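Asker: Structure provided below as structure tokens; questions to follow.
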Amino acid sequence: MTTTTEQLSATTLLRFATAGSVDDGKSTLVGRLLHDSKSVLSDQLEAVAHASRNRGQEAPDLALLTDGLRAEREQGITIDVAYRYFATPRRRFILADTPGHVQYTRNMVTGASTAELAVVLVDARNGVVEQTRRHAAVAALLRVPHVVLAVNKMDLAGYAEPVFAAIAEEFTAYAASLGVPEITAIPISALAGDNVVEPSAHMDWYGGPTVLEHLETVPVSHDLAACHARFPVQYVIRPQTAEHPDYRGYAGQIAAGAFRVGEAVTVLPSGRTSTVSAIDALGESVDIAWAPQSVTLRLADDIDISRGDLIAPANDAPPTTRDVEATVCHVADQPLRVGHRVLLKHTTRTVKAIVKDIPSRLALDDLSQHPAPGQLVANDIGRVVVRTAEPLALDAYADSRRTGSFLLIDPADGTTLSAGMAGASFAAPAAKDTAAPDEDAGWDF
């Protein structure tokens with residue numbers, strides 16, 4: 001058992017996303033990461049080499065390992081989110097390679113929504129540009145705990161330390177002002193492989209980790225087991241068989257925190273209380289279970305519980321509300337307008353709702369607030385107020401990315417309209433001078 005535990009702890013899972021402006025070399029970086037970490041099958045590499053020769057390139061174009069859509073290969077850009085799984089002896093990874101174009105902001109939001117780390121690429125020749133700030137803002141908005149600034153194409157900048165230092169200083173100051181908790185800057189050349197997997201022989205002035213080394217060693221501080229315990233009920237199990245005549249279990253995946261046998265809990269939105277009498281996991285009874293395990297909870301009392309209810313510790317239950325104030329990224333082609341009737345899906349619960357107000361729209365290029373836009377169109381990010389038909393047990397997104405997020409859905413055809421994050425938009429910076437409130441105070445800068 002000890003060996004198994006050690007093996008699991010040595011190969012923890014890290015979800016991370018990449019973002020960068022067009023032609024910053026993002027797909028090349030991902031391809032180099034996969035290639036140099038020996039995570040590419042020989043037939044994949046042969047296919048890439050063949051496609052590269054057809055395009056008149058002598059060396060394999062590693063960007064083709066991730067740009068899988070035909071339109072992406074023809075245009076040399078990333079359009080959709082490409083997910084890749086790879087592993088090293090130290091850690092397993094799920095990588096979301098997200099688009100850089102501004103018109104694909106919604107795709108980046110999708111890819112980074114579950115990421116614990118974001119890699120933002122910058123061309124060393126261009127420095128921090130508008131799209132770089134936009135990607136930093138999206139990472140801050142989604143509360144991604146770790147951000148890596150990869151200053152790429154250092155080979156085209158003469159591997160000059162002052163170039164890297166100036167870009168790193170500017171980006172770090174900007175990201176820190178948005179409340180990004182940890183920023184690591186790494187000078188690289190994705191095309192040549194400098195500081196991606198192996199240390200660069202051309203930048204002896206840099207003593208930090210390579211990209212892969214940082215990915216392997218960054219603390220996975222998102223530890224869901226340390227968060228407020230939340231258990232959305234997915235299914236009620238009532239066998240009613242001769243073997244289990246009185247069995248009543250509530251199955252689902254623990255969204256955050258841990259539950260223990262004997263713990264007092266509250267069922268929301270009803271507010272009824274009980275005690276955890278048993279926890280069943282993988283066919284066995286256990287004394288404790290934690291996120292993200294899928295388990296069945298049994299309670300000491302027979303309470304009317306159904307799919308969509310939330311079980312939480314009695315002394316740490318979230319408040320219920322029918323008025324949801326949140327930041328949303330609108331992902332549908334059809335606009336979201338005041339008065340729009342929608343379905344709001346939060347964990348396993350879906351309720352009817354209406355958009356009561358759209359107070360403002362956020363311009364990610366300069367973080368300015370545009371009051372009362374009237375509607376949000378595709379790729380817009382804005383504040384909304386939604387009134388639900390039934391109460392929801394909703395955490396602030398800052399406290400829990402799992403139970404603080406939701407979707408707005410078109411009731412007519414089931415199309416996802418917007419991805420929402422309850423509560424304030426950005427985290428407060430680590431250190432900030434006290435100033436009089438201004439017109440942007442609503443965005444919690």
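So you can find residues: chains in the structure tokens are A, B, ... in the order shown, residues in each start at 1, and ligands are numbered from 1 in order.
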Could you build a table of the residues in range 331-420 of chain A lying no more than 8 Å from range 319-326 of chain A, giving for each the nearest pair of atoms and their separation in Å rounded to one decimal place, using only C-alpha atoms, ordered by chain and ascending residue number, as a Markdown table?
Answerer:
```
| residue | atom | partner | partner_atom | distance |
| --- | --- | --- | --- | --- |
| A:Arg383 | CA | A:Ala326 | CA | 5.7 |
| A:Val384 | CA | A:Ala326 | CA | 5.6 |
| A:Val385 | CA | A:Glu325 | CA | 4.6 |
| A:Val386 | CA | A:Val324 | CA | 5.1 |
| A:Arg387 | CA | A:Asp323 | CA | 4.7 |
| A:Thr388 | CA | A:Arg322 | CA | 4.9 |
| A:Ala389 | CA | A:Arg322 | CA | 6.9 |
| A:Glu390 | CA | A:Arg322 | CA | 6.3 |
| A:Pro391 | CA | A:Arg322 | CA | 4.7 |
| A:Leu392 | CA | A:Thr320 | CA | 5.1 |
| A:Ala393 | CA | A:Thr320 | CA | 4.4 |
| A:Leu394 | CA | A:Thr320 | CA | 6.5 |
| A:Asp395 | CA | A:Pro319 | CA | 7.8 |
| A:Gly420 | CA | A:Ala326 | CA | 6.2 |
```
Asker: To test your reading of the structure, identify every residue in range 57-271 of chain A that backbone DSSP assigns to helix (DSSP H, G or I), and report it as a PyMOL selection string.
Answerer: chain A and resi 62-65+70-75+102-112+130-141+154-157+161-177+211-217+224-226
Asker: Quick one: residues within 12 Å of Ala363 in chain A, only C-alpha atoms, excluding same-chain residues fewer than 3 positions away - as a list in words?
Answerer: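 The residues satisfying every condition are Val102, Thr105, Glu130, Gln131, Arg133, Arg134, Ala137, Val138, Cys329, Ser360, Asp366, Leu367, Ser368, Gln369, His370, Pro371, Pro373, Leu376, Asn379, Asp380, Ile381, Gly382, Arg383 and Trp443 of chain A.
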Asker: Env of Leu408 in chain A: 7 Å cut, atoms = only C-alpha atoms, seq-sep filter 4 positions within chain, self excluded. Answer as a PDB file with C-alpha atoms, in the first residue's frame.
Answerer:
```
ATOM      1  CA  VAL A 342     -32.396  30.961 -19.612  1.00  0.00           C
ATOM      2  CA  LEU A 343     -31.583  27.799 -17.724  1.00  0.00           C
ATOM      3  CA  LEU A 344     -28.844  28.081 -15.111  1.00  0.00           C
ATOM      4  CA  LYS A 345     -26.832  24.884 -14.579  1.00  0.00           C
ATOM      5  CA  THR A 416     -24.602  26.912 -23.944  1.00  0.00           C
ATOM      6  CA  LEU A 417     -24.878  30.696 -23.902  1.00  0.00           C
ATOM      7  CA  SER A 418     -22.432  31.879 -21.225  1.00  0.00           C
ATOM      8  CA  ALA A 419     -19.957  30.551 -18.692  1.00  0.00           C
TER       9      ALA A 419
END
```
Asker: Ala427 in chain A: which residues within 8 Å, counting only C-alpha atoms, same-chain residues fewer than 3 positions away excluded, as a list in words?
Answerer: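 Returned residues: Ala140, Leu141, Arg143, Leu178, Gly179, Val180, Ala398, Ala424, Asp444 and Phe445 of chain A.
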Asker: Based on the selection just made, write C-alpha atoms of those residues as a PDB file, in the first residue's frame.
Answerer:
```
ATOM      1  CA  ALA A 140      -6.640  36.346 -13.550  1.00  0.00           C
ATOM      2  CA  LEU A 141     -10.386  36.304 -14.180  1.00  0.00           C
ATOM      3  CA  ARG A 143      -8.314  32.517 -10.872  1.00  0.00           C
ATOM      4  CA  LEU A 178      -4.679  41.857 -11.517  1.00  0.00           C
ATOM      5  CA  GLY A 179      -4.130  39.690  -8.458  1.00  0.00           C
ATOM      6  CA  VAL A 180      -2.294  36.777 -10.114  1.00  0.00           C
ATOM      7  CA  ALA A 398     -12.865  33.081  -5.589  1.00  0.00           C
ATOM      8  CA  ALA A 424     -16.169  39.629  -7.800  1.00  0.00           C
ATOM      9  CA  ASP A 444     -13.044  44.943  -7.805  1.00  0.00           C
ATOM     10  CA  PHE A 445      -9.690  45.953  -9.258  1.00  0.00           C
TER      11      PHE A 445
END
```
Asker: So how far away is CA of Gly283 in chain A from CA of His244 in chain A, in Å?
Answerer: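 The value is 13.7 Å.
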Asker: Would you list the contacts of Ala312 in chain A as a VMD selection string, taking every protein, DNA or RNA residue within 7 Å and counting only C-alpha atoms, but skipping same-chain residues closer than 4 positions in sequence?
Answerer: chain A and resid 229 to 231 265 to 267 316 to 317
Asker: Per DSSP on the backbone, filter range 216-368 of chain A down to the residues in strand (DSSP E) and report them as a PyMOL selection string.
Answerer: chain A and resi 231-232+235-237+249-253+258-260+264-268+272-281+284-286+288-290+294-299+310-313+320-330+336-337+341-346+349-363+368
Asker: Counting only C-alpha atoms, give me one row per residue of range 155-211 of chain A with an atom at most 7 Å from an atom of range 26-34 of chain A, showing the shortest contact pair and its distance in Å to one decimal, sorted by chain then residue number, as CSV.
Answerer:
```
residue,atom,partner,partner_atom,distance
A:Ala190,CA,A:Leu29,CA,4.7
A:Leu191,CA,A:Thr28,CA,6.6
A:Gly193,CA,A:Arg32,CA,6.7
A:Val196,CA,A:Leu33,CA,6.4
A:Val197,CA,A:Leu33,CA,6.5
```
